[in-house]
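Scroll down for the structure; my scribbles are underneath it.
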Amino acid sequence: MIEVDEKKMQWSEKMTIASILEQMEGARFCSVVRLNGRLVSSPKFSQTQVPDKSILQLLPLVAGG
Amino acid sequence: MGQLNLKETKSVSYERAEVKKGYTDFSLRVNLTTTDIFINPIEAAVKEKFIGGKGYDLWMMWNAVSGDTRWDSPENAICISSGPLGGTPGYPGGGKSIVTAISPATGIPIDSNVGGYFGPYKKFAGFDVIQIDGKAEQDTVILIDGIENKIKVFSASDLPKDSYEMSAALTHHFDEDKPVNVSVVTAGPGAEKTYFGCLNFSWWDSGRKMVRYKQAGRGGIGTVFADKRVKAIVARFGSVSMKTNHPADLEALKKVTKAHAKEIATLDPKQNRMSVVGTTHLVPIMNDHDCLPVHNFKFGSHPESHVIGEEVFQYIFDKGFDGCWKGCTVACAHGVKDFSPFTGPYRGTKVFVDGPEYETVAGCGSSLGIFDAQTILEINFYCDAYGMDTISVGTSIAFVMECFENNLVTLEHTGGMDLSFGSRYNTLELIHQMARGEGFGAIVGKGIRRMKTIFARDFGADPAFMQDIGMESKGLEFSEYITKESLAQQGGYGLALKGPQHDEAWLIFLDMVHNFMPTFEDKAEALHWFPMFRTWFGLCGLCKLPWNDIVPEDNKDTDEPAKVAKHVGWYADFFSAVTGRKVGPDDLITMSEAVYNFQRVFNLKMGYGTREHDTIPYRSMGPVTAEEYRSRADRYDTQLTEKYNLDIADMDTDAKVAALRKIREEQYELLKDAVYLRRGWTPDGIPTVETIKRLGIDYPEVLEVLKKNGVE
């Protein structure tokens, strides 16, 4: 089981950030997430595997400085 | 604290105007040449049109300078205003000052939005805006005392030389018992010796019991300050509450303040964690999206970037409340305590470093090839203490390093300093030289535009190559984002009124990542709305971070998530509650549009402000060199073949660079056309008479400037 934006989600092997976001509504504009406290950006979503018991937070649109 | 040598040369008692609905409706002018002090009412029509903050500053400046005024002319005026909403405790980002002057870098008005308590204290002391002009014959300190209701001018000697020590000394001097009552604006020795001097605005950190600082960095206002021989401006005022602005509707103000503050406090920990890491979260994000400037904006990422971002600074920043205004829940003004520099006058002592923010990390770190948090902290500290803008310092040195690596500048020119990318010690030495006005640092301190002339004239350097890699536009150094893949943000920089600073528009992700604006018209619309709304913060005395760096959880489901409609609505409520002037979200844009166009005409008055001045270096549009092209060959090859239908089979890299350049430069010109049209400007980038009339700024002198430039 993992937690995505404070909601429980079933974990599966080879789960990536990209595959998680594909299952979610309203994640179209997500370009950065925080995975277990570490920032990961969209160019790395498909190659970043999500371990079991992970905590994932979707960050809002990046707005710059 | 040693005895300060301040000799009072002028003292004026005044009846302090009560603040009503966010305004005092009075201005203060101090002429340094004569030491005359003027307190004047602000006309209702000016208030209606220019709102406050940057609007008031520009109006005062417009009336102070002529088209022949240069940055070091006595009549050049430094104006500081907070705006009607500034000084609202508890409202996130509710205590900003906006500073303006004719810039030594650009020759046109520069504006800088800065934290610290000065702007609100100055307003509560009785003045919506202050204007400092003339030139003093000796070092001068100005006191605006809202407790004793006196304006005093002092001649000063034996003051501490650097900005940090001077602000601390003056804070204690003017209110030893309650240092929280004092805010000081200072420059520093670097501001005297370079063209990118900044101003440090102080506030008293009650938790740490020390003076803290934020910087009005851009465009060399500190240099103007030093040229006028002003050592400091001090504002003094007593306790502040939500009632101090005498809002029109206190209950409505409490309601909107509570809502916004609560949302920030609840959501920031789940989003960007700015109360913990400031803006350093942007380092890994920009790096991963190829937007972090590396080696003078040549590249957009680096494998060592993880040692200079939030991953490191979350542990280095000192824990405690870091709001640069009272009760701000964003509280992003972090610092590092007990830092021990290994060079310069503070070598071996322990100091508190205010920062770094993202811009400093990127400009004085990755862009210089320096991936070392300690060196970045030391550069940050000395730039602040010397009074120099970290963005211009970083971007200028990055230019020098690329020139050095291309043998345009050699050891002979640098006094033997190896200024290859990554040269940490020599970067620090260069900064110390800048502050002393000595050696090669004296040349670097003039900024990129002047360096290009000097390097070509004295060193025989190739002007065309320097034009391509020198990251300046209008004479101002770029802030720290790679824009090669975002045409909209190329416009965000190149079409910004004061020069390439991202506070007008930051569209990189909307454009490059999300493709929200596929057409020129879409981009032009964004380059209308965003600069107008961001301008509004500067009119009112606010910080923009609480608008769109922390957003409602359901924001992504709205029609236009980039605009953060819920917060825009709150800002309209905030304005209505304080001023009593009932407005909706669209009214905020109209307010800004008048001031924005006025500033464009102001540029024109100063001899700039047309299409040719919106030029940007090719480095900001695409790969200048074959090396740069090859670093992203797949991307560029794909664009040439699939997007532009070119056959590249027989092209070598140089030919591909040239082909891509032709396309991108043409696109930038088309973008200009679209933006000018959307803004109601001529194809030469000048507001039309129709636009000026629609916005109600068709003053005779404005129309005269247009007429002189062929627009009538």
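Residues in the structure tokens are numbered from 1 in each chain, the chains being A, B, ... in the order shown, and ligands are numbered from 1 in the order shown.
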
Give me, as a list in words, the contact residues of chain A against chain B at a cut-off of 9 Å, counting only C-alpha atoms.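 Taking only C-alpha atoms into account, Asp5, Gly26, Ala27, Arg28, Phe29, Cys30, Ser31, Val32, Val33, Arg34, Arg38, Leu39, Val40, Ser41, Ser42, Pro43, Lys44, Gln57, Leu58, Leu59, Pro60, Leu61, Val62, Ala63, Gly64 and Gly65 of chain A sit within 9 Å of chain B.
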
Store the residues picked out above, limited to C-alpha atoms, as an mmCIF file, in the first residue's frame.
data_model
loop_
_atom_site.group_PDB
_atom_site.id
_atom_site.type_symbol
_atom_site.label_atom_id
_atom_site.label_comp_id
_atom_site.auth_asym_id
_atom_site.auth_seq_id
_atom_site.Cartn_x
_atom_site.Cartn_y
_atom_site.Cartn_z
ATOM 1 C CA ASP A 5 -1.897 12.946 -1.508
ATOM 2 C CA GLY A 26 -6.684 15.835 -12.312
ATOM 3 C CA ALA A 27 -2.999 14.918 -12.529
ATOM 4 C CA ARG A 28 -2.572 16.185 -16.067
ATOM 5 C CA PHE A 29 -0.645 19.261 -15.043
ATOM 6 C CA CYS A 30 1.523 17.595 -12.478
ATOM 7 C CA SER A 31 5.175 18.149 -13.324
ATOM 8 C CA VAL A 32 6.750 17.645 -9.909
ATOM 9 C CA VAL A 33 6.048 15.233 -7.056
ATOM 10 C CA ARG A 34 7.600 14.665 -3.688
ATOM 11 C CA ARG A 38 12.528 13.852 -2.381
ATOM 12 C CA LEU A 39 11.516 16.032 -5.344
ATOM 13 C CA VAL A 40 11.113 14.218 -8.660
ATOM 14 C CA SER A 41 10.259 16.061 -11.885
ATOM 15 C CA SER A 42 8.287 14.935 -14.916
ATOM 16 C CA PRO A 43 11.260 14.007 -17.144
ATOM 17 C CA LYS A 44 12.015 11.288 -14.579
ATOM 18 C CA GLN A 57 2.653 14.217 -2.828
ATOM 19 C CA LEU A 58 1.690 15.942 -6.063
ATOM 20 C CA LEU A 59 3.007 19.468 -6.215
ATOM 21 C CA PRO A 60 1.041 22.271 -7.883
ATOM 22 C CA LEU A 61 1.997 24.041 -11.079
ATOM 23 C CA VAL A 62 5.514 25.368 -10.876
ATOM 24 C CA ALA A 63 5.191 29.134 -10.711
ATOM 25 C CA GLY A 64 8.803 30.275 -10.697
ATOM 26 C CA GLY A 65 10.496 32.783 -8.435
#

Asn245 in chain B surroundings by only C-alpha atoms, 12 Å radius, close-in-sequence under 2 positions cut, as a VMD selection string: chain B and resid 17 to 24 82 to 89 94 to 95 120 to 121 123 to 126 128 240 to 243 247 to 250 253 575 577 to 580

Those same residues - N, CA and C atoms - I'd like them written as a compact mmCIF listing (two decimals), in the first residue's frame.
# COMPACT_ATOMS: atom_id res chain seq x y z
N ALA B 17 0.30 62.58 9.48
CA ALA B 17 -1.00 62.30 8.87
C ALA B 17 -1.49 60.94 9.30
N GLU B 18 -2.74 60.89 9.71
CA GLU B 18 -3.32 59.60 10.08
C GLU B 18 -3.51 58.74 8.83
N VAL B 19 -3.22 57.48 8.96
CA VAL B 19 -3.46 56.58 7.83
C VAL B 19 -4.96 56.32 7.75
N LYS B 20 -5.52 56.53 6.56
CA LYS B 20 -6.94 56.25 6.34
C LYS B 20 -7.10 55.34 5.15
N LYS B 21 -7.70 54.21 5.37
CA LYS B 21 -7.96 53.25 4.30
C LYS B 21 -6.68 52.93 3.51
N GLY B 22 -5.60 52.77 4.26
CA GLY B 22 -4.34 52.34 3.65
C GLY B 22 -3.46 53.46 3.13
N TYR B 23 -3.95 54.67 3.19
CA TYR B 23 -3.20 55.81 2.64
C TYR B 23 -3.03 56.92 3.68
N THR B 24 -1.89 57.61 3.58
CA THR B 24 -1.73 58.86 4.34
C THR B 24 -2.06 60.06 3.47
N SER B 82 5.20 51.83 -0.25
CA SER B 82 4.75 50.50 0.13
C SER B 82 3.41 50.13 -0.49
N GLY B 83 2.56 51.10 -0.74
CA GLY B 83 1.25 50.79 -1.29
C GLY B 83 0.19 50.69 -0.22
N PRO B 84 -1.08 50.77 -0.62
CA PRO B 84 -2.17 50.85 0.36
C PRO B 84 -2.33 49.61 1.23
N LEU B 85 -1.96 48.44 0.71
CA LEU B 85 -2.16 47.22 1.48
C LEU B 85 -0.93 46.87 2.31
N GLY B 86 0.19 47.49 1.98
CA GLY B 86 1.43 47.21 2.69
C GLY B 86 1.30 47.57 4.17
N GLY B 87 1.87 46.71 4.98
CA GLY B 87 1.82 46.96 6.42
C GLY B 87 0.64 46.30 7.10
N THR B 88 0.06 45.30 6.43
CA THR B 88 -1.03 44.55 7.06
C THR B 88 -0.43 43.33 7.75
N PRO B 89 -0.30 43.35 9.07
CA PRO B 89 0.31 42.20 9.74
C PRO B 89 -0.57 40.96 9.60
N GLY B 94 2.56 40.66 3.22
CA GLY B 94 1.86 41.95 3.29
C GLY B 94 2.69 43.13 3.74
N GLY B 95 4.01 43.11 3.49
CA GLY B 95 4.79 44.25 3.99
C GLY B 95 5.91 44.69 3.08
N PRO B 120 6.36 49.81 5.30
CA PRO B 120 5.24 50.05 6.22
C PRO B 120 5.54 51.10 7.28
N TYR B 121 6.74 51.05 7.88
CA TYR B 121 7.07 52.03 8.93
C TYR B 121 7.05 53.45 8.37
N LYS B 123 5.34 54.50 5.86
CA LYS B 123 3.94 54.92 5.63
C LYS B 123 3.28 55.30 6.95
N PHE B 124 3.43 54.45 7.94
CA PHE B 124 2.78 54.73 9.22
C PHE B 124 3.36 55.99 9.88
N ALA B 125 4.60 56.32 9.47
CA ALA B 125 5.20 57.58 9.96
C ALA B 125 4.59 58.79 9.25
N GLY B 126 3.77 58.54 8.22
CA GLY B 126 3.03 59.65 7.62
C GLY B 126 3.18 59.83 6.13
N ASP B 128 3.09 58.11 2.19
CA ASP B 128 2.85 57.00 1.26
C ASP B 128 4.08 56.72 0.41
N VAL B 240 2.47 47.90 15.53
CA VAL B 240 1.61 47.84 14.34
C VAL B 240 0.57 46.75 14.54
N SER B 241 -0.66 47.05 14.17
CA SER B 241 -1.71 46.04 14.21
C SER B 241 -2.49 46.12 12.90
N MET B 242 -3.48 45.25 12.79
CA MET B 242 -4.30 45.29 11.58
C MET B 242 -5.08 46.60 11.47
N LYS B 243 -5.22 47.29 12.59
CA LYS B 243 -5.94 48.56 12.57
C LYS B 243 -5.09 49.74 12.12
N PRO B 247 -8.33 50.28 8.01
CA PRO B 247 -9.03 49.74 6.84
C PRO B 247 -10.49 50.17 6.82
N ALA B 248 -11.04 50.22 5.61
CA ALA B 248 -12.44 50.61 5.46
C ALA B 248 -13.36 49.59 6.12
N ASP B 249 -13.00 48.33 6.06
CA ASP B 249 -13.85 47.27 6.61
C ASP B 249 -12.96 46.28 7.36
N LEU B 250 -12.78 46.55 8.66
CA LEU B 250 -11.85 45.75 9.46
C LEU B 250 -12.27 44.27 9.52
N LEU B 253 -11.40 42.57 6.36
CA LEU B 253 -9.94 42.40 6.28
C LEU B 253 -9.51 41.21 7.15
N PHE B 575 -8.06 44.25 -1.23
CA PHE B 575 -8.01 45.64 -1.67
C PHE B 575 -9.27 46.38 -1.28
N ALA B 577 -11.37 45.68 1.14
CA ALA B 577 -11.50 45.82 2.60
C ALA B 577 -10.64 46.95 3.14
N VAL B 578 -9.44 47.12 2.60
CA VAL B 578 -8.55 48.16 3.12
C VAL B 578 -8.94 49.53 2.57
N THR B 579 -9.11 49.63 1.26
CA THR B 579 -9.29 50.96 0.64
C THR B 579 -10.74 51.41 0.59
N GLY B 580 -11.68 50.47 0.72
CA GLY B 580 -13.08 50.84 0.59
C GLY B 580 -13.52 50.99 -0.85

Filtered DSSP result for range 57-218 of chain B, state strand (DSSP E or B), as number ranges by chain: B: 78-81, 97-102, 109-114, 129-133, 140-145, 150-157, 182-186, 197, 199-205, 210-216

With distances taken over only C-alpha atoms, which residue among B:Tyr213, B:Phe201, B:Tyr195, B:Phe537 lies nearest Pro104 in chain B?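 The shortest atom-to-atom distance to Pro104 in chain B comes from B:Tyr195.
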
Could you pull the residues within 12 Å of Met9 in chain A, counting only C-alpha atoms, minus those fewer than 6 positions along the same chain, as a PyMOL selection string? chain A and resi 1-3+15+20-21+23-24+50+52-56

Let's have the selection written as an mmCIF file, in the first residue's frame, with N, CA and C atoms.
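The resulting file, part06.cif, is reproduced below:
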data_model
loop_
_atom_site.group_PDB
_atom_site.id
_atom_site.type_symbol
_atom_site.label_atom_id
_atom_site.label_comp_id
_atom_site.auth_asym_id
_atom_site.auth_seq_id
_atom_site.Cartn_x
_atom_site.Cartn_y
_atom_site.Cartn_z
ATOM 1 N N MET A 1 0.848 -1.192 0.000
ATOM 2 C CA MET A 1 0.000 0.000 0.000
ATOM 3 C C MET A 1 0.891 1.253 0.000
ATOM 4 N N ILE A 2 0.524 2.226 -0.833
ATOM 5 C CA ILE A 2 1.224 3.517 -0.811
ATOM 6 C C ILE A 2 0.191 4.612 -0.505
ATOM 7 N N GLU A 3 0.705 5.793 -0.263
ATOM 8 C CA GLU A 3 -0.179 6.928 0.043
ATOM 9 C C GLU A 3 0.098 8.031 -0.974
ATOM 10 N N MET A 15 5.703 -0.362 -10.245
ATOM 11 C CA MET A 15 4.906 0.854 -10.270
ATOM 12 C C MET A 15 5.853 2.052 -10.403
ATOM 13 N N ILE A 20 1.346 5.763 -11.876
ATOM 14 C CA ILE A 20 0.410 6.214 -10.830
ATOM 15 C C ILE A 20 -0.403 7.416 -11.324
ATOM 16 N N LEU A 21 0.286 8.376 -11.926
ATOM 17 C CA LEU A 21 -0.404 9.589 -12.375
ATOM 18 C C LEU A 21 -1.411 9.285 -13.484
ATOM 19 N N GLN A 23 -3.310 6.846 -13.616
ATOM 20 C CA GLN A 23 -4.541 6.316 -13.010
ATOM 21 C C GLN A 23 -5.372 7.411 -12.331
ATOM 22 N N MET A 24 -4.754 8.564 -12.147
ATOM 23 C CA MET A 24 -5.417 9.591 -11.332
ATOM 24 C C MET A 24 -6.106 10.645 -12.186
ATOM 25 N N VAL A 50 8.365 3.314 -7.695
ATOM 26 C CA VAL A 50 7.823 3.719 -6.396
ATOM 27 C C VAL A 50 7.809 2.501 -5.481
ATOM 28 N N ASP A 52 7.094 0.049 -2.200
ATOM 29 C CA ASP A 52 5.939 -0.155 -1.325
ATOM 30 C C ASP A 52 6.058 0.746 -0.096
ATOM 31 N N LYS A 53 4.924 1.161 0.425
ATOM 32 C CA LYS A 53 4.813 2.013 1.616
ATOM 33 C C LYS A 53 5.315 3.441 1.358
ATOM 34 N N SER A 54 5.416 3.795 0.097
ATOM 35 C CA SER A 54 5.872 5.156 -0.226
ATOM 36 C C SER A 54 4.790 6.187 0.074
ATOM 37 N N ILE A 55 5.251 7.392 0.299
ATOM 38 C CA ILE A 55 4.338 8.528 0.433
ATOM 39 C C ILE A 55 4.630 9.486 -0.718
ATOM 40 N N LEU A 56 3.596 9.761 -1.484
ATOM 41 C CA LEU A 56 3.744 10.584 -2.685
ATOM 42 C C LEU A 56 2.852 11.825 -2.553
#

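You will find CA of Ile221 in chain B at 23.2 Å from CA of Ile39 in chain B.
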
Could you check the closest approach to Gly197 in chain B for each of B:Ala456, B:Leu419, B:Val393, B:Val601 and tell me which residue wins, using only C-alpha atoms?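 That would be B:Val393, the residue with the smallest distance to Gly197 in chain B.
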
DSSP on the backbone, alpha helix (DSSP H) only: what residues of range 465-712 of chain B does that give? Format it as a short mmCIF file (atom, residue, chain, number, x, y, z; two decimals) with C-alpha atoms, in the first residue's frame.
data_model
loop_
_atom_site.label_atom_id
_atom_site.label_comp_id
_atom_site.auth_asym_id
_atom_site.auth_seq_id
_atom_site.Cartn_x
_atom_site.Cartn_y
_atom_site.Cartn_z
CA PHE B 465 30.22 36.31 -29.93
CA MET B 466 29.99 38.42 -26.78
CA GLN B 467 26.61 39.73 -27.93
CA ASP B 468 25.43 36.14 -28.25
CA ILE B 469 26.65 34.93 -24.85
CA LEU B 487 9.44 31.25 -26.49
CA ALA B 488 6.88 32.77 -24.13
CA GLN B 489 9.49 33.22 -21.41
CA GLN B 490 11.94 34.66 -23.92
CA GLY B 491 9.25 37.31 -24.24
CA GLY B 492 8.82 37.31 -20.46
CA TYR B 493 12.40 38.47 -20.22
CA GLY B 494 12.87 40.48 -23.40
CA ILE B 508 8.37 28.48 -18.66
CA PHE B 520 1.50 33.33 -30.81
CA GLU B 521 -1.84 34.79 -29.78
CA ASP B 522 -1.95 32.50 -26.73
CA LYS B 523 1.53 33.55 -25.74
CA ALA B 524 0.65 37.21 -26.28
CA GLU B 525 -2.40 36.84 -24.06
CA ALA B 526 -0.22 35.35 -21.32
CA LEU B 527 2.31 38.14 -21.81
CA HIS B 528 -0.52 40.56 -21.23
CA TRP B 529 -2.33 39.07 -18.24
CA PHE B 530 0.58 37.83 -16.17
CA PRO B 531 2.71 41.00 -16.32
CA MET B 532 -0.38 43.04 -15.47
CA PHE B 533 -1.34 40.95 -12.49
CA ARG B 534 2.20 40.68 -11.20
CA THR B 535 2.51 44.47 -11.53
CA TRP B 536 -0.44 44.81 -9.18
CA PHE B 537 1.54 43.37 -6.27
CA GLY B 538 4.04 46.17 -6.73
CA LEU B 539 1.30 48.79 -6.69
CA CYS B 540 -0.10 47.56 -3.40
CA LEU B 545 4.65 34.26 -3.57
CA PRO B 546 1.40 33.66 -1.64
CA TRP B 547 -0.55 34.06 -4.89
CA ASN B 548 0.76 31.12 -6.89
CA ALA B 565 -8.55 32.37 -9.41
CA LYS B 566 -9.42 31.81 -5.76
CA HIS B 567 -6.42 33.83 -4.63
CA VAL B 568 -7.00 36.55 -7.20
CA GLY B 569 -10.49 36.87 -5.71
CA TRP B 570 -9.02 37.15 -2.23
CA TYR B 571 -6.69 39.91 -3.39
CA ALA B 572 -9.67 41.83 -4.75
CA ASP B 573 -11.38 41.36 -1.37
CA PHE B 574 -8.21 42.47 0.42
CA PHE B 575 -8.01 45.64 -1.67
CA SER B 576 -11.70 46.39 -1.16
CA ALA B 577 -11.50 45.82 2.60
CA VAL B 578 -8.55 48.16 3.12
CA THR B 579 -9.29 50.96 0.64
CA PRO B 585 -10.48 40.55 -10.16
CA ASP B 586 -10.67 42.26 -13.56
CA ASP B 587 -10.27 45.67 -11.95
CA LEU B 588 -6.85 44.64 -10.63
CA ILE B 589 -5.66 44.11 -14.20
CA THR B 590 -6.96 47.49 -15.32
CA MET B 591 -5.21 49.25 -12.42
CA SER B 592 -1.93 47.69 -13.45
CA GLU B 593 -2.40 48.32 -17.14
CA ALA B 594 -2.39 52.09 -16.67
CA VAL B 595 0.83 52.04 -14.65
CA TYR B 596 2.43 49.47 -16.93
CA ASN B 597 1.85 51.55 -20.03
CA PHE B 598 2.96 54.68 -18.20
CA GLN B 599 6.27 52.94 -17.43
CA ARG B 600 6.68 51.98 -21.10
CA VAL B 601 6.21 55.63 -22.08
CA PHE B 602 8.67 56.58 -19.31
CA ASN B 603 11.24 54.35 -21.03
CA LEU B 604 10.49 56.22 -24.23
CA LYS B 605 10.97 59.55 -22.47
CA ALA B 626 28.27 23.62 -31.78
CA GLU B 627 29.17 22.27 -28.34
CA GLU B 628 25.91 23.59 -27.00
CA TYR B 629 23.94 22.12 -29.89
CA ARG B 630 25.56 18.71 -29.49
CA SER B 631 24.67 18.64 -25.80
CA ALA B 633 21.40 17.17 -30.37
CA ASP B 634 18.42 14.82 -30.25
CA ARG B 635 16.08 17.61 -29.22
CA TYR B 636 17.30 20.08 -31.81
CA ASP B 637 17.56 17.53 -34.64
CA THR B 638 13.99 16.42 -33.95
CA THR B 653 26.52 20.91 -36.68
CA ASP B 654 27.41 24.47 -37.58
CA ALA B 655 24.82 24.44 -40.36
CA LYS B 656 22.21 23.07 -37.97
CA VAL B 657 23.04 25.77 -35.44
CA ALA B 658 22.54 28.40 -38.15
CA ALA B 659 19.28 26.87 -39.38
CA LEU B 660 17.81 26.66 -35.89
CA ARG B 661 18.93 30.18 -35.11
CA LYS B 662 17.23 31.61 -38.16
CA ILE B 663 13.94 30.01 -37.16
CA ARG B 664 14.11 30.97 -33.50
CA GLU B 665 15.07 34.57 -34.15
CA GLU B 666 12.18 34.88 -36.61
CA GLN B 667 9.82 33.42 -34.01
CA TYR B 668 10.92 35.93 -31.41
CA GLU B 669 10.17 38.78 -33.80
CA LEU B 670 6.73 37.30 -34.51
CA LEU B 671 6.16 37.06 -30.76
CA LYS B 672 6.98 40.74 -30.40
CA ASP B 673 4.40 41.55 -33.09
CA ALA B 674 1.72 39.53 -31.32
CA VAL B 675 2.46 40.97 -27.87
CA TYR B 676 2.62 44.55 -29.06
CA LEU B 677 -0.74 44.09 -30.79
CA ARG B 678 -2.31 42.56 -27.66
CA ARG B 679 -1.00 45.32 -25.46
CA VAL B 689 -2.74 57.19 -28.39
CA GLU B 690 -5.91 55.10 -28.29
CA THR B 691 -4.42 52.85 -25.61
CA ILE B 692 -3.18 55.79 -23.59
CA LYS B 693 -6.62 57.41 -23.73
CA ARG B 694 -8.41 54.18 -22.85
CA PRO B 700 -0.17 66.35 -22.16
CA GLU B 701 3.42 65.40 -21.33
CA VAL B 702 2.70 61.73 -22.11
CA LEU B 703 1.17 62.63 -25.46
CA GLU B 704 4.15 64.87 -26.13
CA VAL B 705 6.56 61.97 -25.65
CA LEU B 706 4.49 59.84 -28.02
CA LYS B 707 4.40 62.64 -30.58
CA LYS B 708 8.18 63.02 -30.45
#

Mind giving me the straight-line distance from CA of Ile431 in chain B to CA of Ala101 in chain B in Å, one decimal?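 CA of Ala101 in chain B lies at a distance of 24.4 Å from CA of Ile431 in chain B.
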
Spatial neighbours of range 377-380 of chain B, 9 Å, only C-alpha atoms, chain gap at least 5 places, as an NGL selection string: :B and (336 or 339-343 or 353-356 or 360-361 or 364 or 372 or 385 or 390 or 427-428 or 431)

Tell me which protein, DNA and RNA residues are within 6 Å of Thr16 in chain A, counting only C-alpha atoms, leaving out same-chain ones fewer than 6 positions away, and put them as a short mmCIF file (atom, residue, chain, number, x, y, z; two decimals) with N, CA and C atoms, in the first residue's frame.
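Below is the file out03.cif, written as the result:
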data_model
loop_
_atom_site.label_atom_id
_atom_site.label_comp_id
_atom_site.auth_asym_id
_atom_site.auth_seq_id
_atom_site.Cartn_x
_atom_site.Cartn_y
_atom_site.Cartn_z
N SER A 46 8.71 8.43 -15.62
CA SER A 46 8.54 7.06 -16.13
C SER A 46 9.67 6.14 -15.70
N THR A 48 11.17 6.42 -12.64
CA THR A 48 11.29 6.39 -11.18
C THR A 48 10.30 5.37 -10.60
N GLN A 49 10.82 4.29 -10.09
CA GLN A 49 9.96 3.27 -9.48
C GLN A 49 9.56 3.70 -8.07
N VAL A 50 8.37 3.31 -7.70
CA VAL A 50 7.82 3.72 -6.40
C VAL A 50 7.81 2.50 -5.48
#
